[in-house]
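A.B. asks: Got a structure for you, upload-v2.cif, holding mmCIF, C-alpha atoms.
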data_input
loop_
_atom_site.label_atom_id
_atom_site.label_comp_id
_atom_site.auth_asym_id
_atom_site.auth_seq_id
_atom_site.Cartn_x
_atom_site.Cartn_y
_atom_site.Cartn_z
CA MET J 1 -7.04 1.41 45.69
CA GLU J 2 -7.12 -0.53 42.44
CA LYS J 3 -4.07 -0.06 40.24
CA THR J 4 -4.86 1.59 36.93
CA SER J 5 -3.94 -0.06 33.61
CA PHE J 6 -3.25 3.12 31.71
CA VAL J 7 -1.05 6.21 31.67
CA GLY J 8 -2.80 9.56 31.87
CA VAL J 9 -1.08 11.71 29.24
CA PRO J 10 -1.98 15.41 29.04
CA ASN J 11 -2.91 16.75 25.60
CA SER J 12 -0.34 19.51 26.18
CA PHE J 13 2.47 16.97 25.67
CA TYR J 14 1.79 17.25 21.92
CA ASN J 15 1.93 21.05 21.71
CA LYS J 16 2.44 23.58 24.54
CA GLU J 17 4.57 21.26 26.69
CA LEU J 18 5.84 19.36 23.68
CA LEU J 19 7.97 16.33 24.48
CA LYS J 20 10.32 14.71 22.01
CA PRO J 21 9.47 11.06 21.15
CA ARG J 22 12.15 9.59 23.42
CA GLU J 23 11.11 11.85 26.30
CA PHE J 24 7.48 10.98 25.70
CA TYR J 25 8.18 7.23 25.66
CA LEU J 26 10.38 7.39 28.76
CA TYR J 27 7.84 9.44 30.69
CA CYS J 28 5.04 7.00 29.85
CA TYR J 29 7.22 3.99 30.63
CA LEU J 30 8.24 5.32 34.04
CA ASN J 31 4.67 6.37 34.78
CA ALA J 32 3.46 2.85 33.98
CA SER J 33 6.18 1.37 36.24
CA ARG J 34 4.78 2.91 39.43
CA SER J 35 3.94 0.39 42.12
CA PHE J 36 0.73 0.03 44.10
CA LEU J 37 2.43 1.25 47.29
CA THR J 38 4.24 4.23 45.71
CA GLU J 39 1.55 5.74 43.54
CA ASN J 40 3.49 8.86 42.51
CA THR J 41 7.00 7.41 42.66
CA VAL J 42 9.04 4.84 40.78
CA LYS J 43 12.33 3.32 41.95
CA THR J 44 14.79 2.29 39.27
CA ASN J 45 18.40 2.80 38.09
CA ILE J 46 20.19 3.47 34.82
CA ASP J 47 21.33 -0.14 34.30
CA LEU J 48 17.76 -1.40 34.63
CA LEU J 49 16.48 1.24 32.20
CA ILE J 50 19.16 0.29 29.68
CA GLU J 51 17.95 -3.32 29.79
CA GLU J 52 14.29 -2.41 29.47
CA ILE J 53 14.44 0.44 26.94
CA LYS J 54 16.29 0.26 23.63
CA PHE J 55 16.43 3.68 22.00
CA VAL J 56 19.54 2.65 20.01
CA LYS J 57 21.37 -0.63 19.56
CA LYS J 58 24.78 0.03 21.19
CA ARG J 59 24.68 -0.12 24.98
CA GLN J 60 26.72 3.04 25.67
CA ASP J 61 24.83 5.04 23.04
CA ASN J 62 21.58 3.78 24.49
CA LYS J 63 22.68 4.81 27.98
CA ASP J 64 23.56 8.30 26.74
CA ALA J 65 20.17 8.63 25.02
CA ILE J 66 18.26 7.58 28.15
CA VAL J 67 20.27 9.90 30.39
CA GLU J 68 19.73 12.77 27.95
CA SER J 69 15.95 12.20 27.99
CA LEU J 70 15.91 11.91 31.81
CA ASN J 71 17.80 15.19 32.14
CA SER J 72 15.47 16.93 29.71
CA LEU J 73 12.36 15.72 31.55
CA HIS J 74 13.98 16.86 34.80
CA GLU J 75 14.72 20.31 33.38
CA LYS J 76 11.17 20.63 32.08
CA GLY J 77 9.88 19.77 35.55
CA MET J 78 8.06 16.61 34.43
CA LEU J 79 10.23 14.31 36.59
CA ILE J 80 11.66 15.03 40.01
CA PHE J 81 14.81 13.24 41.25
CA GLU J 82 18.27 13.90 42.68
CA TYR J 83 20.27 15.05 39.66
CA GLN J 84 23.68 13.88 40.89
CA ASP J 85 22.45 10.28 41.16
CA ILE J 86 22.10 9.73 37.40
CA ARG J 87 25.72 9.15 36.37
CA LYS J 88 26.55 7.23 39.56
CA ASP J 89 24.26 4.41 38.46
CA LYS J 90 22.70 4.41 41.91
CA LYS J 91 19.10 3.82 42.73
CA LEU J 92 16.90 6.51 41.27
CA GLU J 93 13.76 7.50 43.09
CA ILE J 94 11.69 9.41 40.55
CA SER J 95 8.47 11.24 41.31
CA PHE J 96 6.12 12.93 38.89
CA ARG J 97 5.07 16.54 38.77
CA LYS J 98 1.40 16.99 39.46
CA LEU J 99 -0.04 17.79 36.07
CA SER J 100 -3.10 19.88 35.35
CA LEU J 101 -5.49 17.67 33.41
CA GLU J 102 -8.23 20.26 33.16
CA LYS J 103 -7.39 21.00 29.53
CA GLY J 104 -7.71 17.36 28.61
CA PHE J 105 -5.77 14.14 28.79
CA GLU J 106 -5.94 10.68 27.29
CA LYS J 107 -5.75 7.27 28.93
CA ILE J 108 -2.97 5.43 27.10
CA PRO J 109 -3.36 1.67 27.78
CA TYR J 110 -0.33 -0.21 29.04
CA LYS J 111 -0.77 -2.65 26.16
CA TYR J 112 0.43 0.08 23.79
CA PHE J 113 3.93 -0.76 25.00
CA GLU J 114 3.37 -4.14 23.35
CA LEU J 115 2.51 -2.59 19.99
CA THR J 116 5.95 -1.09 19.42
CA TYR J 117 9.25 -0.35 21.18
CA ASP J 118 10.11 2.55 18.86
CA PRO J 119 9.59 6.01 20.50
CA GLU J 120 8.37 7.70 17.30
CA GLU J 121 5.90 4.92 16.56
CA PHE J 122 4.70 4.93 20.17
CA MET J 123 4.12 8.69 20.22
CA THR J 124 2.35 8.44 16.85
CA ILE J 125 -0.23 5.91 18.02
CA CYS J 126 -0.74 7.83 21.26
CA ALA J 127 -1.45 10.98 19.25
CA ILE J 128 -3.93 9.09 17.08
CA LYS J 129 -5.76 7.82 20.16
CA THR J 130 -5.70 11.26 21.76
CA PHE J 131 -6.91 13.38 18.84
CA LYS J 132 -9.46 10.94 17.39
CA ARG J 133 -9.60 12.93 14.16
CA GLN J 134 -7.81 13.47 10.88
CA ILE J 135 -4.13 14.37 11.29
CA SER J 136 -2.04 15.89 8.52
CA PHE J 137 1.59 14.95 7.83
CA ALA J 138 2.57 18.51 8.79
CA GLU J 139 0.87 18.16 12.19
CA PHE J 140 2.55 14.80 12.79
CA GLY J 141 5.87 16.46 11.92
CA SER J 142 5.21 19.11 14.58
CA ILE J 143 4.26 16.48 17.17
CA LEU J 144 7.30 14.28 16.47
CA SER J 145 9.71 17.21 16.01
CA CYS J 146 10.69 15.92 12.58
CA SER J 147 10.24 16.79 8.92
CA GLU J 148 7.03 16.15 7.00
CA ARG J 149 9.06 14.01 4.61
CA HIS J 150 10.13 11.75 7.50
CA VAL J 151 6.49 11.34 8.56
CA LYS J 152 5.52 10.28 5.03
CA ASP J 153 8.10 7.50 5.30
CA LEU J 154 7.33 6.54 8.92
CA ILE J 155 3.54 6.06 8.80
CA PRO J 156 3.36 3.71 5.77
CA LYS J 157 6.03 1.55 7.43
CA MET J 158 3.91 1.40 10.57
CA GLU J 159 0.98 0.22 8.48
CA GLN J 160 3.16 -2.44 6.85
CA LYS J 161 4.18 -3.66 10.31
CA GLY J 162 0.51 -3.95 11.26
CA ILE J 163 0.60 -1.28 13.99
CA LEU J 164 -1.98 1.02 12.43
CA ASN J 165 -4.34 1.35 9.49
CA ILE J 166 -4.36 4.32 7.12
CA ASN J 167 -7.77 5.53 5.99
CA ASN J 168 -6.96 7.60 2.92
CA GLY J 169 -8.81 10.87 2.62
CA LYS J 170 -11.32 11.18 -0.21
CA TYR J 171 -10.48 13.16 -3.33
CA TYR J 172 -12.52 16.16 -4.36
CA VAL J 173 -12.42 19.08 -6.78
CA ASN J 174 -12.22 22.52 -5.12
CA GLU J 175 -13.76 25.79 -6.27
CA ASN J 176 -10.78 26.39 -8.58
CA ASN J 177 -11.42 23.07 -10.34
CA GLN J 178 -8.28 21.58 -8.76
CA LEU J 179 -8.04 18.02 -7.49
CA ARG J 180 -7.49 17.87 -3.74
CA GLN J 181 -7.42 15.13 -1.09
CA GLU J 182 -8.93 15.26 2.36
CA THR J 183 -6.57 14.65 5.29
CA ASN J 184 -6.00 11.00 6.18
CA SER J 185 -7.40 9.47 9.33
CA TYR J 186 -5.92 6.51 11.21
CA SER J 187 -6.93 3.60 13.40
CA ILE J 188 -4.73 1.57 15.73
CA ASN J 189 -4.45 -2.18 15.31
CA GLU J 190 -4.59 -3.08 18.99
CA ASP J 191 -4.30 -6.81 18.20
CA HIS J 192 -0.75 -6.26 16.96
CA PHE J 193 1.87 -7.54 19.40
CA VAL J 194 5.65 -7.26 19.55
CA GLY J 195 7.03 -9.90 21.90
CA GLU J 196 10.08 -9.33 24.09
CA ASN J 197 12.23 -11.55 21.90
CA GLN J 198 11.38 -9.37 18.92
CA GLN J 199 12.58 -6.13 20.51
CA ASP J 200 16.18 -6.32 19.29
CA GLN J 201 14.97 -7.37 15.86
CA GLN J 202 12.63 -4.39 15.62
CA ASN J 203 15.34 -1.98 16.77
CA GLN J 204 17.68 -3.37 14.13
CA GLU J 205 15.00 -3.07 11.45
CA SER J 206 14.26 0.52 12.44
CA GLN J 207 17.95 1.37 11.91
CA THR J 208 18.44 -0.56 8.68
CA GLY J 209 15.05 0.15 7.14
CA GLY J 210 14.32 -3.58 6.89
CA ASP J 211 10.80 -4.87 7.15
CA LYS J 212 10.08 -8.48 6.31
CA LYS J 213 6.35 -7.90 6.16
CA LYS J 214 6.66 -5.55 3.22
CA HIS J 215 7.42 -8.54 0.99
CA LEU J 216 3.94 -9.89 1.76
CA ILE J 217 2.21 -6.70 0.66
CA GLN J 218 1.59 -6.04 -3.01
CA SER J 219 2.07 -2.27 -2.98
CA GLU J 220 2.10 -0.06 -6.07
CA THR J 221 5.64 1.32 -6.36
CA ARG J 222 5.59 2.66 -9.92
CA ALA J 223 5.77 6.46 -10.13
CA ASN J 224 2.43 7.99 -11.13
CA ASN J 225 0.47 11.23 -10.91
CA TRP J 226 -2.73 9.98 -9.27
CA GLY J 227 -3.58 12.46 -6.52
CA VAL J 228 -0.29 14.38 -6.90
CA LYS J 229 -0.80 18.11 -6.52
CA GLY J 230 0.12 20.14 -9.61
CA LYS J 231 0.53 17.09 -11.86
CA ASN J 232 -1.59 16.27 -14.91
CA LEU J 233 -2.75 12.73 -15.55
CA ILE J 234 -1.22 10.96 -18.56
CA ASP J 235 -1.80 7.70 -20.43
CA ASN J 236 0.85 5.91 -18.35
CA ASP J 237 -1.07 6.71 -15.15
CA TYR J 238 -4.16 4.95 -16.49
CA TYR J 239 -2.00 2.03 -17.61
CA ILE J 240 -0.56 1.69 -14.08
CA TYR J 241 -4.10 1.75 -12.69
CA LEU J 242 -5.29 -1.03 -15.01
CA THR J 243 -2.26 -3.25 -14.34
CA SER J 244 -1.84 -2.64 -10.61
CA SER J 245 -2.26 -5.44 -8.06
CA ASP J 246 -2.49 -3.02 -5.10
CA ASP J 247 -6.14 -3.04 -3.96
CA LYS J 248 -5.75 0.10 -1.87
CA PHE J 249 -4.18 2.00 -4.79
CA ILE J 250 -6.95 0.79 -7.13
CA ARG J 251 -9.67 1.97 -4.72
CA MET J 252 -7.97 5.35 -4.42
CA VAL J 253 -7.79 5.78 -8.21
CA GLU J 254 -11.39 4.68 -8.67
CA ASN J 255 -12.39 7.32 -6.13
CA ILE J 256 -10.46 9.98 -8.07
CA ILE J 257 -11.97 8.88 -11.39
CA ASN J 258 -15.46 9.01 -9.93
CA VAL J 259 -14.89 12.53 -8.57
CA LEU J 260 -13.48 13.82 -11.85
CA LYS J 261 -16.19 12.19 -13.95
CA ASN J 262 -19.00 13.45 -11.72
CA PRO J 263 -18.15 16.92 -10.38
CA LYS J 264 -20.60 18.21 -7.78
CA ASP J 265 -20.49 21.66 -9.32
CA PRO J 266 -22.70 21.53 -12.48
CA SER J 267 -20.67 24.35 -14.03
CA LYS J 268 -17.56 22.17 -14.11
CA LYS J 269 -16.93 19.96 -17.09
CA PRO J 270 -16.57 16.20 -16.35
CA PHE J 271 -13.12 14.80 -17.08
CA ASP J 272 -13.10 12.56 -20.16
CA PHE J 273 -10.93 9.47 -19.65
CA THR J 274 -11.89 7.87 -22.99
CA LYS J 275 -8.65 8.53 -24.90
CA MET J 276 -6.50 7.74 -21.87
CA GLU J 277 -8.34 4.47 -21.24
CA LYS J 278 -8.13 3.48 -24.91
CA ALA J 279 -4.38 4.13 -25.07
CA ALA J 280 -3.78 2.13 -21.88
CA LYS J 281 -5.83 -0.84 -23.12
CA GLU J 282 -4.08 -0.80 -26.50
CA ARG J 283 -0.75 -0.92 -24.68
CA ILE J 284 -1.93 -3.84 -22.58
CA GLN J 285 -3.17 -5.61 -25.70
CA LYS J 286 0.20 -5.20 -27.38
CA GLU J 287 1.97 -6.53 -24.30
CA ASN J 288 -0.39 -9.51 -24.13
CA LYS J 289 0.20 -10.22 -27.79
CA LYS J 290 3.94 -10.01 -27.27
CA GLU J 291 3.75 -12.40 -24.32
CA MET J 292 1.61 -14.81 -26.28
CA LEU J 293 4.02 -14.65 -29.22
CA GLU J 294 7.09 -15.19 -27.04
CA LYS J 295 5.50 -18.28 -25.55
CA SER J 296 4.26 -19.52 -28.92
CA LEU J 297 0.72 -19.57 -27.66
CA ASN J 298 -1.21 -20.04 -30.85
CA LEU J 299 -3.38 -22.89 -29.63
CA VAL J 300 -5.88 -25.35 -31.04
CA ARG J 301 -8.20 -27.86 -29.43
CA LEU J 302 -8.17 -31.24 -31.17
CA LYS J 303 -11.21 -33.50 -31.16
CA GLY J 304 -11.03 -36.12 -28.41
CA ILE J 305 -8.10 -34.38 -26.66
CA LYS J 306 -8.78 -32.55 -23.40
CA ASP J 307 -5.84 -30.15 -23.34
CA LEU J 308 -5.09 -27.34 -25.78
CA VAL J 309 -2.23 -27.96 -28.20
CA PRO J 310 0.30 -25.22 -29.07
CA VAL J 311 0.93 -24.72 -32.79
CA THR J 312 3.99 -23.09 -34.36
CA SER J 313 5.21 -22.38 -37.88
CA GLU J 314 7.28 -25.58 -37.73
CA ILE J 315 4.31 -27.91 -37.21
CA ILE J 316 1.32 -26.06 -38.64
CA ASP J 317 1.46 -27.82 -42.03
CA ASN J 318 1.46 -31.24 -40.35
CA ILE J 319 -1.84 -30.63 -38.59
CA ASP J 320 -4.96 -32.28 -40.02
CA PHE J 321 -7.58 -29.55 -39.61
CA SER J 322 -10.41 -32.05 -39.93
CA SER J 323 -9.42 -33.10 -36.40
CA VAL J 324 -9.34 -29.50 -35.09
CA GLU J 325 -12.42 -28.69 -33.04
CA LYS J 326 -11.56 -25.08 -32.04
CA VAL J 327 -8.79 -22.52 -32.23
CA VAL J 328 -7.81 -19.98 -29.57
CA PHE J 329 -7.83 -16.27 -30.37
CA LEU J 330 -7.16 -13.10 -28.41
CA SER J 331 -10.48 -11.32 -28.02
CA LYS J 332 -11.16 -7.60 -28.20
CA GLN J 333 -11.15 -7.57 -24.38
CA ASN J 334 -7.65 -9.12 -24.39
CA LYS J 335 -8.95 -12.46 -23.16
CA ARG J 336 -8.20 -15.84 -24.65
CA GLU J 337 -11.27 -17.39 -26.14
CA GLU J 338 -12.02 -20.43 -28.29
CA VAL J 339 -13.94 -20.45 -31.55
CA GLN J 340 -14.81 -23.06 -34.16
CA LEU J 341 -13.19 -22.13 -37.45
CA ASP J 342 -16.31 -22.93 -39.48
CA ARG J 343 -18.26 -20.40 -37.37
CA LEU J 344 -16.16 -17.67 -38.96
CA ALA J 345 -17.77 -18.52 -42.30
CA GLY J 346 -21.30 -17.91 -41.07
CA ASN J 347 -24.24 -20.24 -41.70
CA ASN J 348 -23.88 -23.18 -44.11
CA PRO J 349 -20.20 -22.61 -45.01
CA THR J 350 -19.05 -23.90 -48.40
CA THR J 351 -16.04 -26.14 -48.92
CA ASN J 352 -14.14 -23.25 -50.49
CA ALA J 353 -14.95 -21.03 -47.51
CA LEU J 354 -13.64 -23.65 -45.06
CA LYS J 355 -10.46 -24.06 -47.13
CA LEU J 356 -9.93 -20.29 -47.14
CA ILE J 357 -10.31 -20.15 -43.38
CA VAL J 358 -7.74 -22.91 -42.82
CA ASP J 359 -5.28 -21.35 -45.28
CA MET J 360 -5.55 -17.92 -43.68
CA TYR J 361 -5.13 -19.36 -40.19
CA LYS J 362 -2.03 -21.30 -41.30
CA ASN J 363 -0.55 -18.11 -42.76
CA VAL J 364 -1.03 -16.33 -39.45
CA VAL J 365 0.83 -19.09 -37.62
CA ARG J 366 3.61 -19.26 -40.26
CA GLU J 367 4.24 -15.54 -39.89
CA ASN J 368 4.45 -15.86 -36.11
CA ILE J 369 1.49 -13.55 -35.65
CA VAL J 370 -0.89 -14.08 -32.76
CA PHE J 371 -4.34 -15.09 -34.00
CA ASP J 372 -6.57 -12.41 -32.55
CA TYR J 373 -9.88 -10.60 -32.93
CA GLU J 374 -8.61 -8.54 -35.89
CA GLN J 375 -7.45 -11.67 -37.73
CA ALA J 376 -10.84 -13.29 -37.19
CA ILE J 377 -12.61 -10.20 -38.60
CA GLU J 378 -10.32 -10.24 -41.61
CA ILE J 379 -11.25 -13.86 -42.29
CA ARG J 380 -14.96 -13.04 -42.11
CA ASN J 381 -14.51 -10.12 -44.50
CA ARG J 382 -12.67 -12.30 -47.00
CA ILE J 383 -15.43 -14.93 -46.80
CA LYS J 384 -18.02 -12.21 -47.34
CA GLU J 385 -16.17 -10.90 -50.42
CA MET J 386 -15.87 -14.42 -51.80
CA ASN J 387 -19.58 -15.11 -51.33
CA GLU J 388 -20.50 -11.80 -52.98
CA LYS J 389 -18.44 -12.69 -56.06
CA ILE J 390 -20.12 -16.09 -56.34
CA ALA J 391 -23.54 -14.47 -56.03
#
Let me see the file written as structure tokens.
C.D. replies:
Amino acid sequence: MEKTSFVGVPNSFYNKELLKPREFYLYCYLNASRSFLTENTVKTNIDLLIEEIKFVKKRQDNKDAIVESLNSLHEKGMLIFEYQDIRKDKKLEISFRKLSLEKGFEKIPYKYFELTYDPEEFMTICAIKTFKRQISFAEFGSILSCSERHVKDLIPKMEQKGILNINNGKYYVNENNQLRQETNSYSINEDHFVGENQQDQQNQESQTGGDKKKHLIQSETRANNWGVKGKNLIDNDYYIYLTSSDDKFIRMVENIINVLKNPKDPSKKPFDFTKMEKAAKERIQKENKKEMLEKSLNLVRLKGIKDLVPVTSEIIDNIDFSSVEKVVFLSKQNKREEVQLDRLAGNNPTTNALKLIVDMYKNVVRENIVFDYEQAIEIRNRIKEMNEKIA
């Protein structure tokens, strides 16, 4: 008979015959350790299990945790062995209770033991494979015998480690005109692999909260109200959205904005983000101006010189503007753009108009003000007033 490459885990292990994560991991591990000749039996001992399974870092604590899980599985009738043999560190001959699989079971591949050595993480990915549907944090908490808050911390860390992928539920507006989010779904990254030499490192990280991979992920950590139940959106939320570098967060917000702007119910009024967007962009513009000022980035492009040249109040009067081809200004879209000064005077600029432009630009630089779109408009208005007086 060909040896299987999976563990048959009953669906009842997640509810009616609920196992704790360590019990679940140990049961699956022992089940996978069966030999070809002893299909329903595995021979082992406590010392061997301590070497192979690391529930906790310290050896004695790990031994106690394994023994506790063995005893619990024995009491629940999942494993059958001579009870007095456990503490004697003798050979353990463990057999498995014949389980009823009529109500469903899942084939858990042996390679899942290579995805993680952590019992909670292992039970989580097994549940995802078993249910093949959306799973709420509350349901995960019930499966793992832990708080919902712990689940909300556990699953994102698993994604950061590359064990699974989170598919965020879509946002929608319910019949009470309240923003709600569908339950998340998950997929397992079966290409992820934790080598044997990484086991101690992963156990240490799980106890200290360390995760080197998180430094490679640009995640949005600033507090915000996007998708938070009972919270109203404010200008700062839109600012965080516009300045975020987290692609997943940006996609989530764009989904929310689309839902709120285009409610499916025609009786519901679309959410107007105009004022919020304007306030956020004005804040960004001010910050860009401040950055440009701090770095003295009033710039000009001289004729025959490839690179832009910074100009400050100390050197502005020494610049020959007949050699200036273009100046840099901060556009209305908060982008740096170049413009020829004489273009600000319109068609066929007069000598007086060109002199006025240069004088006004020099004053901007002397006052340590960033030359921007508003300054350019002011110059044009002054030229227009001057031309009207001449006419």
A.B. asks: Name every residue that the PyMOL selection byres ((chain J and resi 285) around 10) selects in this structure, writing the answer as a ChimeraX atom specification with chains first and numbers rising.
C.D. replies: /J:279-284,286-291,330-335
A.B. asks: Translate the PyMOL selection byres ((chain J and resi 18) around 12) into a concrete residue list for this structure, as a count of residues only.
C.D. replies: 25
A.B. asks: Go through J:Asp272, J:Glu254, J:Asp372, J:Asp342 one by one, measure the shortest atom-to-atom distance of each to Leu354 (chain J) using only C-alpha atoms, and give the residue with the smallest value.
C.D. replies: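 Of all the options, J:Asp342 lies closest to Leu354 (chain J).
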A.B. asks: Carefully work through the PyMOL selection byres ((chain J and resi 260) around 8) for this structure and note down the residues it includes, as a ChimeraX atom specification.
C.D. replies: /J:172-173,256-259,261-263,270-271
A.B. asks: Would you output that residue set with C-alpha atoms, as a compact mmCIF listing (two decimals), keeping the file's coordinate frame?
C.D. replies:
# COMPACT_ATOMS: atom_id res chain seq x y z
CA TYR J 172 -12.52 16.16 -4.36
CA VAL J 173 -12.42 19.08 -6.78
CA ILE J 256 -10.46 9.98 -8.07
CA ILE J 257 -11.97 8.88 -11.39
CA ASN J 258 -15.46 9.01 -9.93
CA VAL J 259 -14.89 12.53 -8.57
CA LYS J 261 -16.19 12.19 -13.95
CA ASN J 262 -19.00 13.45 -11.72
CA PRO J 263 -18.15 16.92 -10.38
CA PRO J 270 -16.57 16.20 -16.35
CA PHE J 271 -13.12 14.80 -17.08
A.B. asks: Give me, please, the distance in Å between CA of Met276 (chain J) and CA of Asp247 (chain J), quoted to one decimal.
C.D. replies: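 Distance reported for this atom pair: 20.9 Å.
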A.B. asks: Nearest residue to Glu52 (chain J) out of J:Phe329, J:Phe249, J:Phe137, J:Tyr29, using all atoms listed in the file?
C.D. replies: J:Tyr29
A.B. asks: Please tell me which residues are no farther than 12 Å from (20.8, 4.1, 22.2) in the file, counting all atoms listed in the file, and write them as a ChimeraX atom specification.
C.D. replies: /J:22,49-69,118-119,200,203-204,207
A.B. asks: What does the distance between CA of Thr41 (chain J) and CA of Glu106 (chain J) come to in Å, to one decimal place?
C.D. replies: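 A separation of 20.4 Å between them.
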A.B. asks: Pick from J:Ile125, J:Val309, J:Val7, J:Leu79: nearest to Phe105 (chain J), with all atoms listed in the file counted?
C.D. replies: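 Checking each candidate against Phe105 (chain J), we get J:Val7 as the closest.
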A.B. asks: Just give me the gap between CA of Leu164 (chain J) and CA of Ile188 (chain J) in Å, one decimal is fine.
C.D. replies: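 Taking CA of Leu164 (chain J) as the start and CA of Ile188 (chain J) as the end point, the length is 4.3 Å.
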A.B. asks: List every protein, DNA or RNA residue with an atom no more than 8 Å from (-7.6, 10.4, 3.2) in the file's coordinates, counting only C-alpha atoms, and format the result as a list in words.
C.D. replies: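 The distance filter leaves exactly Ile166, Asn167, Asn168, Gly169, Lys170, Tyr171, Gln181, Glu182, Thr183, Asn184 and Ser185 of chain J.
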A.B. asks: Only C-alpha atoms, please: the residues just picked out, written as a tab-separated table (two decimals), in the coordinates of the input.
C.D. replies:
chain	number	residue	atom	x	y	z
J	166	ILE	CA	-4.36	4.32	7.12
J	167	ASN	CA	-7.77	5.53	5.99
J	168	ASN	CA	-6.96	7.60	2.92
J	169	GLY	CA	-8.81	10.87	2.62
J	170	LYS	CA	-11.32	11.18	-0.21
J	171	TYR	CA	-10.48	13.16	-3.33
J	181	GLN	CA	-7.42	15.13	-1.09
J	182	GLU	CA	-8.93	15.26	2.36
J	183	THR	CA	-6.57	14.65	5.29
J	184	ASN	CA	-6.00	11.00	6.18
J	185	SER	CA	-7.40	9.47	9.33
A.B. asks: So, counting only C-alpha atoms, which residue among J:Glu75, J:Tyr238, J:Arg380, J:Thr44 is closest to Gly346 (chain J)?
C.D. replies: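 Answer, going by the shortest atom-to-atom distance: J:Arg380.
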